[in-house]
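Chemist: Quick one, data19.pdb (PDB, C-alpha atoms):
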```pdb
MODEL        1
ATOM      1  CA  MET J   1     102.585  99.145  63.091
ATOM      2  CA  ASN J   2     103.394  95.449  62.659
ATOM      3  CA  ASN J   3     101.804  94.038  65.804
ATOM      4  CA  LYS J   4      98.365  92.448  65.478
ATOM      5  CA  LEU J   5      97.470  93.548  68.982
ATOM      6  CA  SER J   6      96.844  97.255  69.621
ATOM      7  CA  PRO J   7      99.661  98.752  71.708
ATOM      8  CA  ILE J   8      99.230 100.454  75.057
ATOM      9  CA  ILE J   9     101.841 102.125  77.262
ATOM     10  CA  PHE J  10     102.574 101.697  80.965
ATOM     11  CA  LEU J  11     104.499 104.540  82.625
ATOM     12  CA  MET J  12     105.232 103.087  86.046
ATOM     13  CA  GLY J  13     107.653 104.132  88.754
ATOM     14  CA  THR J  14     108.254 105.207  92.304
ATOM     15  CA  THR J  15     106.494 108.052  94.023
ATOM     16  CA  ALA J  16     108.012 111.509  93.360
ATOM     17  CA  SER J  17     109.853 110.236  90.276
ATOM     18  CA  GLY J  18     108.279 112.620  87.757
ATOM     19  CA  LYS J  19     105.776 110.260  86.098
ATOM     20  CA  THR J  20     103.013 112.851  85.758
ATOM     21  CA  TYR J  21     105.437 115.469  84.425
ATOM     22  CA  LEU J  22     106.706 113.045  81.796
ATOM     23  CA  ALA J  23     103.214 111.904  80.819
ATOM     24  CA  MET J  24     102.030 115.494  80.357
ATOM     25  CA  LYS J  25     105.092 116.334  78.265
ATOM     26  CA  LEU J  26     104.481 113.316  76.029
ATOM     27  CA  SER J  27     100.830 114.315  75.600
ATOM     28  CA  LYS J  28     101.951 117.527  73.871
ATOM     29  CA  ILE J  29     103.397 115.649  70.907
ATOM     30  CA  PHE J  30     101.329 112.448  70.784
ATOM     31  CA  PRO J  31      97.530 111.947  70.741
ATOM     32  CA  ILE J  32      97.520 110.535  74.264
ATOM     33  CA  GLU J  33      94.787 110.060  76.831
ATOM     34  CA  LEU J  34      95.993 109.279  80.345
ATOM     35  CA  ILE J  35      94.604 106.551  82.577
ATOM     36  CA  SER J  36      95.512 106.972  86.224
ATOM     37  CA  VAL J  37      96.863 103.845  87.903
ATOM     38  CA  ASP J  38      96.828 105.300  91.398
ATOM     39  CA  SER J  39      94.639 104.066  94.241
ATOM     40  CA  SER J  40      94.688 107.535  95.841
ATOM     41  CA  LEU J  41      93.717 109.716  92.879
ATOM     42  CA  ILE J  42      90.332 108.016  92.595
ATOM     43  CA  TYR J  43      89.045 110.020  95.587
ATOM     44  CA  LYS J  44      87.271 113.351  95.247
ATOM     45  CA  TRP J  45      88.251 116.335  97.396
ATOM     46  CA  MET J  46      91.671 114.858  98.271
ATOM     47  CA  ASP J  47      93.929 116.827  95.944
ATOM     48  CA  ILE J  48      97.014 118.089  97.741
ATOM     49  CA  GLY J  49      97.852 115.050  99.845
ATOM     50  CA  THR J  50      97.551 112.728  96.834
ATOM     51  CA  ALA J  51      99.576 115.023  94.531
ATOM     52  CA  LYS J  52      96.710 115.054  92.049
ATOM     53  CA  PRO J  53      97.396 116.698  88.652
ATOM     54  CA  ASN J  54      96.492 120.370  88.724
ATOM     55  CA  LYS J  55      93.330 121.762  87.120
ATOM     56  CA  LYS J  56      95.243 123.049  84.104
ATOM     57  CA  ASP J  57      96.652 119.587  83.301
ATOM     58  CA  LEU J  58      93.253 117.967  83.852
ATOM     59  CA  TYR J  59      91.695 120.510  81.487
ATOM     60  CA  TYR J  60      94.142 120.182  78.601
ATOM     61  CA  VAL J  61      94.679 116.412  78.648
ATOM     62  CA  LYS J  62      92.015 113.796  79.236
ATOM     63  CA  HIS J  63      92.660 111.931  82.500
ATOM     64  CA  TRP J  64      90.648 108.845  83.342
ATOM     65  CA  LEU J  65      89.986 107.329  86.799
ATOM     66  CA  ILE J  66      90.561 110.530  88.756
ATOM     67  CA  ASP J  67      87.855 111.802  91.151
ATOM     68  CA  ILE J  68      85.576 108.818  90.555
ATOM     69  CA  LYS J  69      84.862 107.898  94.196
ATOM     70  CA  GLU J  70      83.765 109.615  97.383
ATOM     71  CA  PRO J  71      86.186 109.113 100.304
ATOM     72  CA  HIS J  72      83.732 106.734 102.004
ATOM     73  CA  GLU J  73      83.455 104.452  98.953
ATOM     74  CA  TYR J  74      85.484 101.335  98.225
ATOM     75  CA  TYR J  75      87.236 100.586  94.943
ATOM     76  CA  SER J  76      88.371  97.047  94.270
ATOM     77  CA  VAL J  77      91.085  95.901  91.904
ATOM     78  CA  SER J  78      88.448  94.023  89.895
ATOM     79  CA  GLU J  79      86.518  97.299  89.404
ATOM     80  CA  PHE J  80      89.737  98.920  88.239
ATOM     81  CA  TYR J  81      90.409  96.040  85.831
ATOM     82  CA  TYR J  82      87.037  96.205  84.115
ATOM     83  CA  ASN J  83      86.976 100.018  84.093
ATOM     84  CA  VAL J  84      90.373 100.123  82.412
ATOM     85  CA  LEU J  85      89.383  97.606  79.739
ATOM     86  CA  LYS J  86      86.393  99.768  78.781
ATOM     87  CA  ILE J  87      88.460 102.953  78.792
ATOM     88  CA  ILE J  88      91.291 101.514  76.691
ATOM     89  CA  LYS J  89      88.752 100.363  74.124
ATOM     90  CA  LEU J  90      87.217 103.862  73.971
ATOM     91  CA  ILE J  91      90.601 105.566  73.583
ATOM     92  CA  ILE J  92      91.728 103.250  70.788
ATOM     93  CA  LYS J  93      88.382 103.712  69.039
ATOM     94  CA  LYS J  94      89.118 107.463  68.961
ATOM     95  CA  GLY J  95      92.437 106.728  67.263
ATOM     96  CA  LYS J  96      94.396 107.812  70.323
ATOM     97  CA  ILE J  97      97.073 106.200  72.489
ATOM     98  CA  PRO J  98      96.206 104.858  75.979
ATOM     99  CA  LEU J  99      98.994 105.761  78.409
ATOM    100  CA  LEU J 100      98.562 104.287  81.872
ATOM    101  CA  VAL J 101     100.502 106.263  84.458
ATOM    102  CA  GLY J 102     100.864 105.815  88.205
ATOM    103  CA  GLY J 103     102.517 103.855  90.967
ATOM    104  CA  SER J 104      99.896 101.361  92.184
ATOM    105  CA  MET J 105     101.852  98.301  91.137
ATOM    106  CA  PHE J 106      99.210  95.777  92.214
ATOM    107  CA  TYR J 107      96.815  97.361  89.716
ATOM    108  CA  TYR J 108      99.359  96.973  86.922
ATOM    109  CA  LYS J 109      99.959  93.370  87.919
ATOM    110  CA  LYS J 110      96.283  92.563  87.580
ATOM    111  CA  LEU J 111      96.298  93.987  84.067
ATOM    112  CA  ILE J 112      99.293  91.918  83.039
ATOM    113  CA  GLU J 113      98.199  88.679  84.667
ATOM    114  CA  PRO J 114      94.871  87.004  83.916
ATOM    115  CA  ILE J 115      92.344  88.158  86.511
ATOM    116  CA  SER J 116      89.816  85.992  88.312
ATOM    117  CA  PRO J 117      86.106  86.614  87.563
ATOM    118  CA  LEU J 118      85.261  88.490  90.754
ATOM    119  CA  PRO J 119      82.082  90.587  91.115
ATOM    120  CA  SER J 120      82.149  94.358  91.429
ATOM    121  CA  THR J 121      81.620  96.071  94.754
ATOM    122  CA  ASN J 122      78.010  96.109  95.904
ATOM    123  CA  ILE J 123      77.185  98.640  98.632
ATOM    124  CA  GLN J 124      73.901  96.911  99.543
ATOM    125  CA  VAL J 125      75.693  93.628 100.180
ATOM    126  CA  ARG J 126      78.392  95.395 102.203
ATOM    127  CA  ASN J 127      75.744  97.054 104.366
ATOM    128  CA  PHE J 128      74.044  93.685 104.805
ATOM    129  CA  ILE J 129      77.308  92.145 106.016
ATOM    130  CA  ILE J 130      78.049  95.004 108.401
ATOM    131  CA  ASN J 131      74.517  94.854 109.842
ATOM    132  CA  LYS J 132      74.841  91.097 110.195
ATOM    133  CA  ILE J 133      77.893  91.630 112.380
ATOM    134  CA  LYS J 134      76.175  94.328 114.449
ATOM    135  CA  ASN J 135      72.958  92.371 115.001
ATOM    136  CA  ASN J 136      74.384  88.904 115.535
ATOM    137  CA  GLY J 137      76.429  88.434 118.660
ATOM    138  CA  LYS J 138      77.637  85.105 117.287
ATOM    139  CA  TYR J 139      80.019  86.898 114.885
ATOM    140  CA  GLN J 140      81.922  89.619 116.688
ATOM    141  CA  THR J 141      84.079  90.763 113.776
ATOM    142  CA  LEU J 142      84.255  90.587 109.997
ATOM    143  CA  HIS J 143      87.184  88.211 110.352
ATOM    144  CA  ASP J 144      85.152  85.868 112.587
ATOM    145  CA  LEU J 145      82.415  85.666 109.963
ATOM    146  CA  LEU J 146      84.937  85.185 107.169
ATOM    147  CA  ASN J 147      86.545  82.348 109.096
ATOM    148  CA  LYS J 148      83.122  80.673 109.169
ATOM    149  CA  VAL J 149      82.465  80.878 105.406
ATOM    150  CA  ASP J 150      86.014  80.884 103.975
ATOM    151  CA  SER J 151      88.626  79.778 106.490
ATOM    152  CA  TYR J 152      91.372  79.640 103.845
ATOM    153  CA  SER J 153      90.973  83.347 103.021
ATOM    154  CA  ALA J 154      90.641  84.174 106.716
ATOM    155  CA  ASN J 155      94.037  82.593 107.350
ATOM    156  CA  LYS J 156      95.554  84.761 104.616
ATOM    157  CA  ILE J 157      93.993  88.066 105.740
ATOM    158  CA  HIS J 158      94.952  89.840 108.951
ATOM    159  CA  PRO J 159      91.985  90.336 111.319
ATOM    160  CA  SER J 160      92.573  94.109 111.411
ATOM    161  CA  ASP J 161      92.477  94.488 107.607
ATOM    162  CA  LEU J 162      88.835  95.543 107.447
ATOM    163  CA  GLN J 163      88.726  96.223 103.713
ATOM    164  CA  ARG J 164      90.095  92.851 102.631
ATOM    165  CA  ASN J 165      87.925  90.969 105.126
ATOM    166  CA  LEU J 166      84.850  92.828 103.915
ATOM    167  CA  ARG J 167      85.756  92.248 100.274
ATOM    168  CA  ALA J 168      86.188  88.491 100.811
ATOM    169  CA  LEU J 169      82.804  88.322 102.561
ATOM    170  CA  GLU J 170      81.202  90.434  99.836
ATOM    171  CA  VAL J 171      82.444  88.018  97.157
ATOM    172  CA  PHE J 172      81.052  85.065  99.103
ATOM    173  CA  PHE J 173      77.611  86.614  99.595
ATOM    174  CA  LEU J 174      77.395  87.758  95.967
ATOM    175  CA  THR J 175      78.503  84.477  94.386
ATOM    176  CA  GLY J 176      77.923  81.809  97.018
ATOM    177  CA  LYS J 177      81.518  80.731  96.489
ATOM    178  CA  PRO J 178      84.627  81.411  98.625
ATOM    179  CA  LEU J 179      87.099  83.990  97.355
ATOM    180  CA  SER J 180      89.847  81.389  97.787
ATOM    181  CA  LYS J 181      88.241  79.234  95.074
ATOM    182  CA  LEU J 182      87.262  82.017  92.694
ATOM    183  CA  ILE J 183      90.760  83.489  92.528
ATOM    184  CA  LYS J 184      92.012  80.196  91.118
ATOM    185  CA  ILE J 185      89.784  80.630  88.069
ATOM    186  CA  LYS J 186      91.729  82.626  85.502
ATOM    187  CA  LYS J 187      90.457  84.521  82.476
ATOM    188  CA  ASN J 188      92.322  85.455  79.327
ATOM    189  CA  LYS J 189      94.996  88.177  79.354
ATOM    190  CA  ILE J 190      94.019  91.631  78.139
ATOM    191  CA  PRO J 191      94.161  91.750  74.309
ATOM    192  CA  TYR J 192      96.837  94.424  73.913
ATOM    193  CA  LYS J 193     100.560  94.683  73.310
ATOM    194  CA  ILE J 194     101.981  96.370  76.404
ATOM    195  CA  TYR J 195     105.088  98.586  76.337
ATOM    196  CA  GLN J 196     106.392  99.212  79.850
ATOM    197  CA  PHE J 197     108.555 102.007  81.247
ATOM    198  CA  ALA J 198     109.783 102.306  84.833
ATOM    199  CA  LEU J 199     110.883 105.710  86.134
ATOM    200  CA  THR J 200     112.864 106.234  89.333
ATOM    201  CA  TYR J 201     115.995 107.792  90.767
ATOM    202  CA  TYR J 202     118.820 105.280  90.471
ATOM    203  CA  ASP J 203     120.481 106.952  93.467
ATOM    204  CA  ARG J 204     118.439 106.128  96.612
ATOM    205  CA  ASN J 205     119.465 109.353  98.378
ATOM    206  CA  LYS J 206     118.228 111.409  95.443
ATOM    207  CA  LEU J 207     114.935 109.532  95.563
ATOM    208  CA  TYR J 208     114.572 110.363  99.251
ATOM    209  CA  ASN J 209     115.439 114.002  98.565
ATOM    210  CA  ALA J 210     112.720 114.105  95.906
ATOM    211  CA  ILE J 211     110.248 112.644  98.401
ATOM    212  CA  ASN J 212     111.210 115.286 100.966
ATOM    213  CA  THR J 213     110.829 118.048  98.381
ATOM    214  CA  ARG J 214     107.433 116.733  97.348
ATOM    215  CA  LEU J 215     106.239 116.618 100.948
ATOM    216  CA  MET J 216     107.425 120.163 101.626
ATOM    217  CA  LYS J 217     105.520 121.340  98.555
ATOM    218  CA  MET J 218     102.374 119.580  99.790
ATOM    219  CA  PHE J 219     102.541 121.472 103.070
ATOM    220  CA  GLN J 220     103.215 124.766 101.305
ATOM    221  CA  LEU J 221     100.133 124.186  99.116
ATOM    222  CA  GLY J 222      97.990 123.694 102.215
ATOM    223  CA  PHE J 223      97.791 119.984 102.966
ATOM    224  CA  GLU J 224      96.879 120.609 106.606
ATOM    225  CA  VAL J 225      94.098 123.008 105.618
ATOM    226  CA  GLU J 226      92.787 120.479 103.097
ATOM    227  CA  VAL J 227      92.480 117.758 105.737
ATOM    228  CA  ARG J 228      90.979 120.112 108.324
ATOM    229  CA  ASN J 229      88.303 121.177 105.819
ATOM    230  CA  LEU J 230      87.530 117.580 104.860
ATOM    231  CA  LEU J 231      87.123 116.591 108.501
ATOM    232  CA  TYR J 232      85.072 119.671 109.362
ATOM    233  CA  ASN J 233      82.704 119.078 106.424
ATOM    234  CA  LYS J 234      82.409 115.332 107.252
ATOM    235  CA  LYS J 235      83.783 114.407 103.821
ATOM    236  CA  LEU J 236      86.560 112.397 105.461
ATOM    237  CA  GLN J 237      86.447 110.292 108.619
ATOM    238  CA  ILE J 238      88.951 107.967 110.250
ATOM    239  CA  ASN J 239      87.101 104.803 109.167
ATOM    240  CA  PHE J 240      86.746 105.786 105.493
ATOM    241  CA  PRO J 241      88.678 103.730 102.881
ATOM    242  CA  ALA J 242      90.295 106.941 101.607
ATOM    243  CA  MET J 243      92.050 107.341 104.940
ATOM    244  CA  ARG J 244      94.497 104.663 103.738
ATOM    245  CA  CYS J 245      96.050 107.235 101.405
ATOM    246  CA  ILE J 246      99.522 108.127 102.651
ATOM    247  CA  GLY J 247      99.679 111.163 104.909
ATOM    248  CA  TYR J 248      96.041 111.471 105.878
ATOM    249  CA  LYS J 249      96.075 109.358 109.053
ATOM    250  CA  PRO J 250      99.125 111.094 110.550
ATOM    251  CA  MET J 251      97.599 114.462 109.696
ATOM    252  CA  TYR J 252      94.324 113.366 111.278
ATOM    253  CA  SER J 253      96.203 112.355 114.435
ATOM    254  CA  TYR J 254      98.022 115.702 114.502
ATOM    255  CA  ILE J 255      94.812 117.696 114.060
ATOM    256  CA  ASN J 256      93.258 115.720 116.914
ATOM    257  CA  ASN J 257      96.277 116.428 119.165
ATOM    258  CA  GLU J 258      97.245 112.751 119.323
ATOM    259  CA  ILE J 259     100.764 113.378 117.996
ATOM    260  CA  ASN J 260     102.923 116.477 117.585
ATOM    261  CA  TYR J 261     103.880 118.157 114.331
ATOM    262  CA  THR J 262     107.340 116.556 114.109
ATOM    263  CA  ASP J 263     105.983 113.038 114.631
ATOM    264  CA  MET J 264     103.289 113.633 112.031
ATOM    265  CA  PHE J 265     105.783 114.903 109.479
ATOM    266  CA  ASN J 266     108.219 112.034 110.121
ATOM    267  CA  GLN J 267     105.474 109.425 109.856
ATOM    268  CA  ILE J 268     104.500 110.712 106.431
ATOM    269  CA  ILE J 269     108.137 110.738 105.289
ATOM    270  CA  LEU J 270     108.686 107.160 106.485
ATOM    271  CA  SER J 271     105.430 105.917 104.953
ATOM    272  CA  THR J 272     106.286 107.491 101.605
ATOM    273  CA  ARG J 273     109.798 106.010 101.639
ATOM    274  CA  HIS J 274     108.330 102.619 102.495
ATOM    275  CA  LEU J 275     105.949 102.930  99.544
ATOM    276  CA  ALA J 276     108.865 103.768  97.221
ATOM    277  CA  LYS J 277     110.776 100.691  98.447
ATOM    278  CA  LYS J 278     107.749  98.492  97.782
ATOM    279  CA  GLN J 279     107.333  99.960  94.313
ATOM    280  CA  LEU J 280     111.002  99.259  93.540
ATOM    281  CA  THR J 281     110.652  95.693  94.798
ATOM    282  CA  TRP J 282     107.725  95.163  92.453
ATOM    283  CA  LEU J 283     109.546  96.691  89.492
ATOM    284  CA  ARG J 284     112.784  94.767  89.992
ATOM    285  CA  ASN J 285     110.812  91.560  89.548
ATOM    286  CA  TRP J 286     108.975  92.906  86.498
ATOM    287  CA  ASN J 287     109.682  91.594  82.988
ATOM    288  CA  ASN J 288     110.172  93.536  79.756
ATOM    289  CA  VAL J 289     110.641  96.977  81.328
ATOM    290  CA  HIS J 290     112.519  99.961  79.890
ATOM    291  CA  TRP J 291     114.202 101.597  82.888
ATOM    292  CA  LEU J 292     114.463 105.401  83.002
ATOM    293  CA  ASN J 293     116.424 107.593  85.410
ATOM    294  CA  SER J 294     114.546 110.494  87.036
ATOM    295  CA  GLU J 295     117.825 112.379  87.346
ATOM    296  CA  ASN J 296     117.628 113.163  83.632
ATOM    297  CA  LEU J 297     113.989 113.535  82.626
ATOM    298  CA  ASP J 298     114.905 115.021  79.251
ATOM    299  CA  PHE J 299     116.853 111.877  78.357
ATOM    300  CA  ALA J 300     113.979 109.728  79.669
ATOM    301  CA  TYR J 301     111.540 111.750  77.576
ATOM    302  CA  ASN J 302     113.588 111.324  74.382
ATOM    303  CA  SER J 303     114.013 107.601  75.062
ATOM    304  CA  ILE J 304     110.253 107.119  75.285
ATOM    305  CA  ILE J 305     109.697 109.203  72.133
ATOM    306  CA  LYS J 306     112.026 106.972  70.122
ATOM    307  CA  ILE J 307     110.202 103.846  71.211
ATOM    308  CA  ILE J 308     106.713 105.342  70.686
ATOM    309  CA  ASN J 309     107.703 106.463  67.194
ATOM    310  CA  LYS J 310     108.760 102.922  66.330
ATOM    311  CA  ILE J 311     105.475 101.555  67.651
ATOM    312  CA  PHE J 312     102.976 104.003  66.187
ATOM    313  CA  LEU J 313     104.634 105.464  63.107
TER     314      LEU J 313
ENDMDL
END
```
Transcribe the structure of this file into structure tokens.
Modeler:
Amino acid sequence: MNNKLSPIIFLMGTTASGKTYLAMKLSKIFPIELISVDSSLIYKWMDIGTAKPNKKDLYYVKHWLIDIKEPHEYYSVSEFYYNVLKIIKLIIKKGKIPLLVGGSMFYYKKLIEPISPLPSTNIQVRNFIINKIKNNGKYQTLHDLLNKVDSYSANKIHPSDLQRNLRALEVFFLTGKPLSKLIKIKKNKIPYKIYQFALTYYDRNKLYNAINTRLMKMFQLGFEVEVRNLLYNKKLQINFPAMRCIGYKPMYSYINNEINYTDMFNQIILSTRHLAKKQLTWLRNWNNVHWLNSENLDFAYNSIIKIINKIFL
């Protein structure tokens, strides 16, 4: 290995492209530990709708950043950033290879680009902010309060985006400085040599077919039952951050007789296709990526093996 920096691997790609399958296959021949780069897999109890790796895969290969949050808890990109740095260091110390796999492209971006020194989420501060809104008629919404303390950020964040408004306020109350100023302060890039792979179907129709197949499998596995149980046991509610995961809001609306089955199903299909388009847009503007076609996963697998062998052997 000629590089001074320790190498790490990114296995990115669109939803339903076969990333998890490929990562698991690679783990059988290389000493790999997987780090999930997926904003949905962090939540406990939500297994089917997020296409979480099955128990067998989780048992045989170490997966990081899966089932680390309750559905009512927030998880910021800065938390992800600092968690990943610690995990990568631990994996390398074991003499193993960190392979980051998932489709949350914004998370990857924050690993590649220098990140601003933002504080971690603080539930006490969040509760303080929420109570301040409730008890002070002067500020009717989170966005109103944000506009008072950080008008620049308020202009950038939609009033209905509760999570981003709350996060911007949280940063202000924790640091005394506006988010808009802190994000301009950059730190050093992560100290690793990154090898990036992007997996997708080159044919858009085949990508959509894969999405449809994945959704049908979710329903066969009991997605509706999963959501009904979560709602019944109060583990998931409409205002929880986890409800942003694709599929859960339409299913919630269906269970509550707000929409019919067909509308629910179509909404999930459209949302998943929209996610895939966004992921492709991110990846097309990415630098130094090895593109892989999901239509031939064996070829993709062998292509990655050749590159990994050059890096680590």
Chemist: Applied to this file, what does the PyMOL selection byres ((chain J and resi 224-236) around 9) return in terms of residues, put as JSON, numbers by chain?
Modeler: {"J": [45, 46, 47, 48, 49, 70, 71, 72, 218, 219, 221, 222, 223, 237, 238, 239, 240, 242, 243, 248, 251, 252, 255]}
Chemist: Measure the distance from atom CA of J:Met105 to atom CA of J:Ile305 in Å and round it to one decimal.
Modeler: 23.3 Å
Chemist: Would you work out the distance separating atom CA of J:Ser253 from atom CA of J:Lys278, expressed in Å to one decimal?
Modeler: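 Pair atom CA of J:Ser253 / atom CA of J:Lys278 returns 24.6 Å.
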Chemist: Assuming the chain letters and numbering stay as they are in my file, what does the PyMOL selection byres ((chain J and resi 33) around 7) actually select? List them as a VMD selection string.
Modeler: chain J and resid 31 to 32 34 to 35 61 to 63 91 96 to 99
Chemist: Where does the PyMOL selection byres ((chain J and resi 5) around 8) land in this file, that is, which residues does it pick, as a count of residues only?
Modeler: 7
Chemist: Stretch 80-148 of chain J near stretch 153-177 of chain J within 9 Å: what's each residue's closest atom pair and its distance in Å to one decimal, counting all atoms listed in the file, ordered by chain then ascending residue number, as a Markdown table?
Modeler:
```
| residue | atom | partner | partner_atom | distance |
| --- | --- | --- | --- | --- |
| J:Leu118 | CA | J:Val171 | CA | 7.0 |
| J:Pro119 | CA | J:Val171 | CA | 6.6 |
| J:Ser120 | CA | J:Val171 | CA | 8.5 |
| J:Thr121 | CA | J:Glu170 | CA | 7.6 |
| J:Asn122 | CA | J:Glu170 | CA | 7.6 |
| J:Val125 | CA | J:Glu170 | CA | 6.4 |
| J:Arg126 | CA | J:Glu170 | CA | 6.2 |
| J:Ile129 | CA | J:Glu170 | CA | 7.5 |
| J:Ile130 | CA | J:Leu166 | CA | 8.4 |
| J:Thr141 | CA | J:Pro159 | CA | 8.3 |
| J:Leu142 | CA | J:Asn165 | CA | 6.1 |
| J:His143 | CA | J:Pro159 | CA | 5.3 |
| J:Asp144 | CA | J:Ala154 | CA | 8.2 |
| J:Leu145 | CA | J:Leu169 | CA | 7.9 |
| J:Leu146 | CA | J:Ala154 | CA | 5.8 |
| J:Asn147 | CA | J:Ala154 | CA | 5.1 |
| J:Lys148 | CA | J:Ala154 | CA | 8.6 |
```
Chemist: Quick one: residues within 10 Å of stretch 57-60 of chain J, all atoms listed in the file, excluding same-chain residues fewer than 5 positions away - as an NGL selection string?
Modeler: :J and (20-21 or 24 or 27-28 or 34 or 52 or 66)
Chemist: Could you tell me how far atom CA of J:Leu22 sits from atom CA of J:Val101, in Å to one decimal place?
Modeler: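 Spanning atom CA of J:Val101 to atom CA of J:Leu22 is a straight-line distance of 9.6 Å.
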Chemist: Might I get the box with edges along x, y and z of the file that holds all atoms of stretch 35-41 of chain J listed there, padded by 4 Å on every side, given as centre and edge lengths in Å to one decimal, as JSON?
Modeler:
```
{"center_x": 95.3, "center_y": 106.8, "center_z": 89.2, "size_x": 11.1, "size_y": 13.9, "size_z": 21.3}
```
Chemist: Would you mind listing what lies within 10 Å of J:Thr15 as a ChimeraX atom specification, with all atoms listed in the file counted and same-chain residues fewer than 5 positions away left out?
Modeler: /J:51,102-104,199-200,207-208,210-211,214,272-273,275-277,279-280
Chemist: Given the choices J:Gln196, J:Asn135, J:Ser36, J:Asn296, which gets closest to J:Phe80 if the distance is worked out from all atoms listed in the file?
Modeler: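 Smallest distance to J:Phe80 is found for J:Ser36.
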Chemist: From the list J:Leu111, J:Ile42, J:Leu283, J:Leu270, which residue is nearest J:Tyr74 when using only C-alpha atoms?
Modeler: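 Among the listed residues, the smallest separation from J:Tyr74 belongs to J:Ile42.
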Chemist: When distances are computed from all atoms listed in the file, which of J:Ile268, J:Ile311, J:Ala23, J:Ile194 shows the smallest separation from J:Ile112?
Modeler: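 Smallest distance to J:Ile112 is found for J:Ile194.
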Chemist: Point out the residue among J:Lys93, J:Tyr43, J:Ala300, J:Lys55 with the least atom-to-atom distance to J:Tyr75, counting only C-alpha atoms.
Modeler: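 Smallest separation from J:Tyr75 among the options: J:Tyr43.
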Chemist: Which residue out of J:His274, J:Lys19, J:Lys86, J:Lys181 has the minimum interatomic distance to J:Val37 when only C-alpha atoms are used?
Modeler: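 Ranked by minimum distance to J:Val37, first place goes to J:Lys19.
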Chemist: Considering only C-alpha atoms, can you say which of J:Asn83, J:Thr14, J:Thr50, J:Ser40 comes closest to J:Thr281?
Modeler: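 Result for the nearest residue to J:Thr281: J:Thr14.
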